[in-house]
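**Student:** Dumping the structure here so I can ask a few things about it.
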Amino acid sequence: MNDVVLRAEGVHKSYDGLDVLRGVSIDVGRGEVKVIIGPSGSGKSTLLRCLALLEPVDSGSVYLESERLSDLREKQLAAHRSEVGMVFQRFNLFQNMTALGNVMCGLVEVRGLKRREARERAREFLARVGLADKADNYPEELSGGQQQRVAIARALVMRPKAMLFDEPTSALDVELVREVLDVMEGLARDGMTMIVVSHELRFAHHVASSILMMDEGQVIEEAPPDRFFSAPSHERTKRFLALVE
Ligand SMILES: Nc1ncnc2c1ncn2[C@@H]1O[C@H](COP(=O)(O)OP(=O)(O)O)[C@@H](O)[C@H]1O
Ligand SMILES: [Mg+2]
């Protein structure tokens, strides 16, 4: 495929002798949505952090569009970091800033926009996630679902080339999951390139171009959703799906 936006190639990563990623390769083409599932501790979050350039790899490569980023130094990396949006399980909003402040701060600090311009653009993106009326609220005044949507707006406002989501709904009360998945489905429909770690299988089936199963630091299987769910080829995948369903 020519138009690969983000790619990991043979990535290895260990922490204190623990091999967390053992030769992971994944790529996502423009407008594709890849969903990653797998048991706790299989390396899903670590893989996303490597792809988001938040974590250096031990060996292997990470490419953004066709540029190999894994060899860049910290200063050059920082320039690329805002090109990959990341949304975490626990929202990670700045508690001392309003929703609007959270969304606009990257535009001011990283992109050097004037505050007025940043504020305008941030309002536009808050509206996109359905939170135009919450601009002046602080995170603690918002529900988990609203906080997560602010976090999504904060990443989107930087106009990233790809968006990575690390179990974005797993810290939410069940009745708040849908509003976040709806925003993500909207993004997918609009052609955003996405990698999503999630065990919301119905969402995955509906939205994913393909689904990957990770186990013990490796991608053991990748297939389009229909095939992945109806005829997974690995015993490990079958067992895991039975547990999650
Ligand atoms: N910063 C870190 N330092 C040490 N160990 C880590 C670190 N991050 C992750 N690990 C370990 O790596 C393994 C995989 O973690 P993680 O990538 O979070 O898996 P998953 O997201 O699939 O649950 C776990 O055993 C975890 O304890
Ligand atoms: Mg994780």
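In the structure tokens, chains take the letters A, B, ... in the order shown, each chain's residues start at 1, and ligands count up from 1 in the order shown.
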Which residues are near segment 105-115 of chain A? Cut-off 9 Å, only C-alpha atoms, ignore same chain within fewer than 2 positions. Put them as a list in words.
**Tutor:**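 Result of the neighbour search: Ala79, Ser82, Leu100, Gly101, Asn102, Val103, Glu117, Ala118, Arg119, Glu120, Arg121, Ala122, Arg154, Ala155, Val157 and Met158 of chain A.
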**Student:** Please report as a tab-separated table every residue of segment 48-67 of chain A lying within 10 Å of segment 159-174 of chain A, along with the nearest atom pair and their distance in Å (one decimal), using only C-alpha atoms.
**Tutor:**
residue	atom	partner	partner_atom	distance
A:Leu48	CA	A:Leu164	CA	6.8
A:Arg49	CA	A:Leu164	CA	9.0
A:Leu51	CA	A:Leu164	CA	8.4
A:Ala52	CA	A:Leu164	CA	7.5
A:Leu64	CA	A:Lys161	CA	8.4
A:Glu65	CA	A:Lys161	CA	8.6
**Student:** Keeping all heavy atoms, export the residues of the selection given above as an mmCIF file, in the first residue's frame.
**Tutor:**
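The file below, out.cif, is the result:
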data_model
loop_
_atom_site.group_PDB
_atom_site.id
_atom_site.type_symbol
_atom_site.label_atom_id
_atom_site.label_comp_id
_atom_site.auth_asym_id
_atom_site.auth_seq_id
_atom_site.Cartn_x
_atom_site.Cartn_y
_atom_site.Cartn_z
ATOM 1 N N LEU A 48 0.941 1.624 21.385
ATOM 2 C CA LEU A 48 0.385 2.944 21.045
ATOM 3 C C LEU A 48 1.343 4.058 21.453
ATOM 4 O O LEU A 48 1.541 5.015 20.712
ATOM 5 C CB LEU A 48 -0.983 3.162 21.697
ATOM 6 C CG LEU A 48 -2.180 2.399 21.145
ATOM 7 C CD1 LEU A 48 -3.483 3.056 21.610
ATOM 8 C CD2 LEU A 48 -2.181 2.315 19.627
ATOM 9 N N ARG A 49 1.955 3.910 22.631
ATOM 10 C CA ARG A 49 2.878 4.967 23.068
ATOM 11 C C ARG A 49 4.085 5.065 22.136
ATOM 12 O O ARG A 49 4.582 6.150 21.869
ATOM 13 C CB ARG A 49 3.332 4.748 24.518
ATOM 14 C CG ARG A 49 2.243 5.055 25.553
ATOM 15 C CD ARG A 49 2.847 5.331 26.932
ATOM 16 N NE ARG A 49 3.717 4.247 27.365
ATOM 17 C CZ ARG A 49 3.307 3.143 27.990
ATOM 18 N NH1 ARG A 49 2.049 2.996 28.298
ATOM 19 N NH2 ARG A 49 4.172 2.194 28.314
ATOM 20 N N LEU A 51 3.992 4.320 18.924
ATOM 21 C CA LEU A 51 3.488 4.920 17.688
ATOM 22 C C LEU A 51 3.223 6.412 17.854
ATOM 23 O O LEU A 51 3.315 7.173 16.893
ATOM 24 C CB LEU A 51 2.191 4.217 17.250
ATOM 25 C CG LEU A 51 2.353 2.820 16.665
ATOM 26 C CD1 LEU A 51 1.002 2.122 16.579
ATOM 27 C CD2 LEU A 51 3.003 2.877 15.286
ATOM 28 N N ALA A 52 2.886 6.821 19.080
ATOM 29 C CA ALA A 52 2.623 8.238 19.345
ATOM 30 C C ALA A 52 3.911 8.996 19.658
ATOM 31 O O ALA A 52 3.869 10.176 19.992
ATOM 32 C CB ALA A 52 1.639 8.382 20.501
ATOM 33 N N LEU A 64 6.123 7.833 10.123
ATOM 34 C CA LEU A 64 4.934 8.666 9.959
ATOM 35 C C LEU A 64 4.953 9.165 8.525
ATOM 36 O O LEU A 64 5.926 9.804 8.109
ATOM 37 C CB LEU A 64 4.950 9.835 10.942
ATOM 38 C CG LEU A 64 3.756 10.787 10.892
ATOM 39 C CD1 LEU A 64 2.449 10.061 11.183
ATOM 40 C CD2 LEU A 64 3.949 11.936 11.887
ATOM 41 N N GLU A 65 3.892 8.829 7.770
ATOM 42 C CA GLU A 65 3.933 8.951 6.331
ATOM 43 C C GLU A 65 5.208 8.248 5.892
ATOM 44 O O GLU A 65 5.434 7.123 6.307
ATOM 45 C CB GLU A 65 3.749 10.405 5.916
ATOM 46 C CG GLU A 65 2.289 10.766 6.269
ATOM 47 C CD GLU A 65 1.863 12.176 6.006
ATOM 48 O OE1 GLU A 65 2.704 13.090 6.022
ATOM 49 O OE2 GLU A 65 0.653 12.360 5.783
#
**Student:** List every residue of chain A that has an atom at most 12 Å from any atom of ligand 2, and for each one report the closest atom pair and its distance in Å to one decimal, counting only C-alpha atoms and all ligand atoms, with rows sorted by chain and then by increasing residue number, as a Markdown table.
**Tutor:**
| residue | atom | partner | partner_atom_place_in_ligand_line | distance |
| --- | --- | --- | --- | --- |
| A:Val20 | CA | ligand 2 | 1 (Mg) | 11.7 |
| A:Ile36 | CA | ligand 2 | 1 (Mg) | 10.6 |
| A:Ile37 | CA | ligand 2 | 1 (Mg) | 9.9 |
| A:Gly38 | CA | ligand 2 | 1 (Mg) | 9.4 |
| A:Pro39 | CA | ligand 2 | 1 (Mg) | 9.0 |
| A:Ser40 | CA | ligand 2 | 1 (Mg) | 6.5 |
| A:Gly41 | CA | ligand 2 | 1 (Mg) | 6.9 |
| A:Ser42 | CA | ligand 2 | 1 (Mg) | 8.1 |
| A:Gly43 | CA | ligand 2 | 1 (Mg) | 7.0 |
| A:Lys44 | CA | ligand 2 | 1 (Mg) | 5.4 |
| A:Ser45 | CA | ligand 2 | 1 (Mg) | 4.1 |
| A:Thr46 | CA | ligand 2 | 1 (Mg) | 7.3 |
| A:Leu47 | CA | ligand 2 | 1 (Mg) | 9.2 |
| A:Leu48 | CA | ligand 2 | 1 (Mg) | 8.9 |
| A:Arg49 | CA | ligand 2 | 1 (Mg) | 10.0 |
| A:Val87 | CA | ligand 2 | 1 (Mg) | 11.9 |
| A:Phe88 | CA | ligand 2 | 1 (Mg) | 9.2 |
| A:Gln89 | CA | ligand 2 | 1 (Mg) | 8.2 |
| A:Arg90 | CA | ligand 2 | 1 (Mg) | 11.0 |
| A:Phe165 | CA | ligand 2 | 1 (Mg) | 10.3 |
| A:Asp166 | CA | ligand 2 | 1 (Mg) | 6.6 |
| A:Glu167 | CA | ligand 2 | 1 (Mg) | 7.0 |
| A:Pro168 | CA | ligand 2 | 1 (Mg) | 10.3 |
| A:Ser170 | CA | ligand 2 | 1 (Mg) | 10.2 |
| A:Ala171 | CA | ligand 2 | 1 (Mg) | 11.7 |
| A:Val196 | CA | ligand 2 | 1 (Mg) | 11.2 |
| A:Val197 | CA | ligand 2 | 1 (Mg) | 7.9 |
| A:Ser198 | CA | ligand 2 | 1 (Mg) | 9.5 |
| A:His199 | CA | ligand 2 | 1 (Mg) | 11.2 |
| A:Met214 | CA | ligand 2 | 1 (Mg) | 11.4 |
| A:Gly217 | CA | ligand 2 | 1 (Mg) | 12.0 |
**Student:** Quick one: DSSP helix (DSSP H, G or I) residues in segment 41-186 of chain A, as an MDAnalysis selection string?
**Tutor:** chainID A and resid 44:51 74:81 99:109 115:128 132:134 139:141 144:156 174:186
**Student:** Filtering to C-alpha atoms, could you give me those residues as a CSV table (one decimal), in the first residue's frame?
**Tutor:**
chain,number,residue,atom,x,y,z
A,44,LYS,CA,-1.2,-2.7,23.5
A,45,SER,CA,-0.7,0.5,25.4
A,46,THR,CA,3.1,0.3,25.0
A,47,LEU,CA,2.6,-0.1,21.2
A,48,LEU,CA,0.4,2.9,21.0
A,49,ARG,CA,2.9,5.0,23.1
A,50,CYS,CA,5.7,3.9,20.7
A,51,LEU,CA,3.5,4.9,17.7
A,74,GLU,CA,14.1,14.4,21.1
A,75,LYS,CA,14.0,17.9,19.7
A,76,GLN,CA,13.0,16.7,16.3
A,77,LEU,CA,10.6,14.2,17.7
A,78,ALA,CA,8.8,16.9,19.6
A,79,ALA,CA,7.9,18.6,16.4
A,80,HIS,CA,6.2,15.4,15.1
A,81,ARG,CA,4.5,14.5,18.3
A,99,ALA,CA,-12.5,22.6,28.7
A,100,LEU,CA,-11.7,25.5,26.3
A,101,GLY,CA,-8.3,26.0,28.0
A,102,ASN,CA,-7.5,22.3,27.6
A,103,VAL,CA,-8.3,22.3,23.9
A,104,MET,CA,-6.6,25.6,23.0
A,105,CYS,CA,-3.4,25.2,25.0
A,106,GLY,CA,-1.6,23.0,22.4
A,107,LEU,CA,-2.3,25.5,19.7
A,108,VAL,CA,-0.7,28.3,21.7
A,109,GLU,CA,2.2,26.4,23.3
A,115,ARG,CA,-4.7,33.3,21.8
A,116,ARG,CA,-7.7,34.8,20.0
A,117,GLU,CA,-7.2,32.5,17.0
A,118,ALA,CA,-6.6,29.5,19.2
A,119,ARG,CA,-9.7,30.2,21.2
A,120,GLU,CA,-11.8,30.4,18.1
A,121,ARG,CA,-10.5,27.2,16.7
A,122,ALA,CA,-10.8,25.4,20.0
A,123,ARG,CA,-14.5,26.4,20.2
A,124,GLU,CA,-15.1,25.0,16.8
A,125,PHE,CA,-13.6,21.6,17.9
A,126,LEU,CA,-15.5,21.6,21.2
A,127,ALA,CA,-18.7,22.0,19.1
A,128,ARG,CA,-17.6,19.1,16.9
A,132,ALA,CA,-20.0,23.9,22.7
A,133,ASP,CA,-21.9,24.8,25.9
A,134,LYS,CA,-19.2,23.3,28.2
A,139,PRO,CA,-13.0,18.9,34.1
A,140,GLU,CA,-14.3,18.1,37.6
A,141,GLU,CA,-17.6,19.7,36.5
A,144,GLY,CA,-16.4,11.1,32.3
A,145,GLY,CA,-17.9,11.0,28.8
A,146,GLN,CA,-17.7,14.7,28.5
A,147,GLN,CA,-14.1,14.8,29.7
A,148,GLN,CA,-13.2,12.1,27.2
A,149,ARG,CA,-14.8,14.2,24.4
A,150,VAL,CA,-12.8,17.2,25.5
A,151,ALA,CA,-9.7,15.0,25.3
A,152,ILE,CA,-10.6,14.0,21.8
A,153,ALA,CA,-11.2,17.6,20.8
A,154,ARG,CA,-7.8,18.6,22.3
A,155,ALA,CA,-6.1,16.0,20.1
A,156,LEU,CA,-8.2,16.8,17.0
A,174,VAL,CA,-21.8,2.2,30.8
A,175,GLU,CA,-24.4,4.9,30.0
A,176,LEU,CA,-21.6,7.2,28.9
A,177,VAL,CA,-19.8,4.9,26.6
A,178,ARG,CA,-22.1,5.5,23.6
A,179,GLU,CA,-21.5,9.3,23.4
A,180,VAL,CA,-17.7,8.7,23.1
A,181,LEU,CA,-18.1,5.9,20.5
A,182,ASP,CA,-20.5,8.1,18.5
A,183,VAL,CA,-17.8,10.8,18.3
A,184,MET,CA,-15.3,8.2,17.2
A,185,GLU,CA,-17.6,6.7,14.6
A,186,GLY,CA,-18.2,10.2,13.3
**Student:** Check the smallest atom-to-atom distance from each of A:Val4, A:Phe203, A:His12, A:Thr193 to Val84 of chain A using only C-alpha atoms, then report the winner.
**Tutor:**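 Between A:Val4, A:Phe203, A:His12, A:Thr193, the residue approaching Val84 of chain A most closely is A:Thr193.
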**Student:** For Glu245 of chain A, which of A:Phe229, A:Gly85, A:Val35, A:Arg68 is the closest residue, counting only C-alpha atoms?
**Tutor:**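 The answer is A:Phe229, which sits nearest to Glu245 of chain A.
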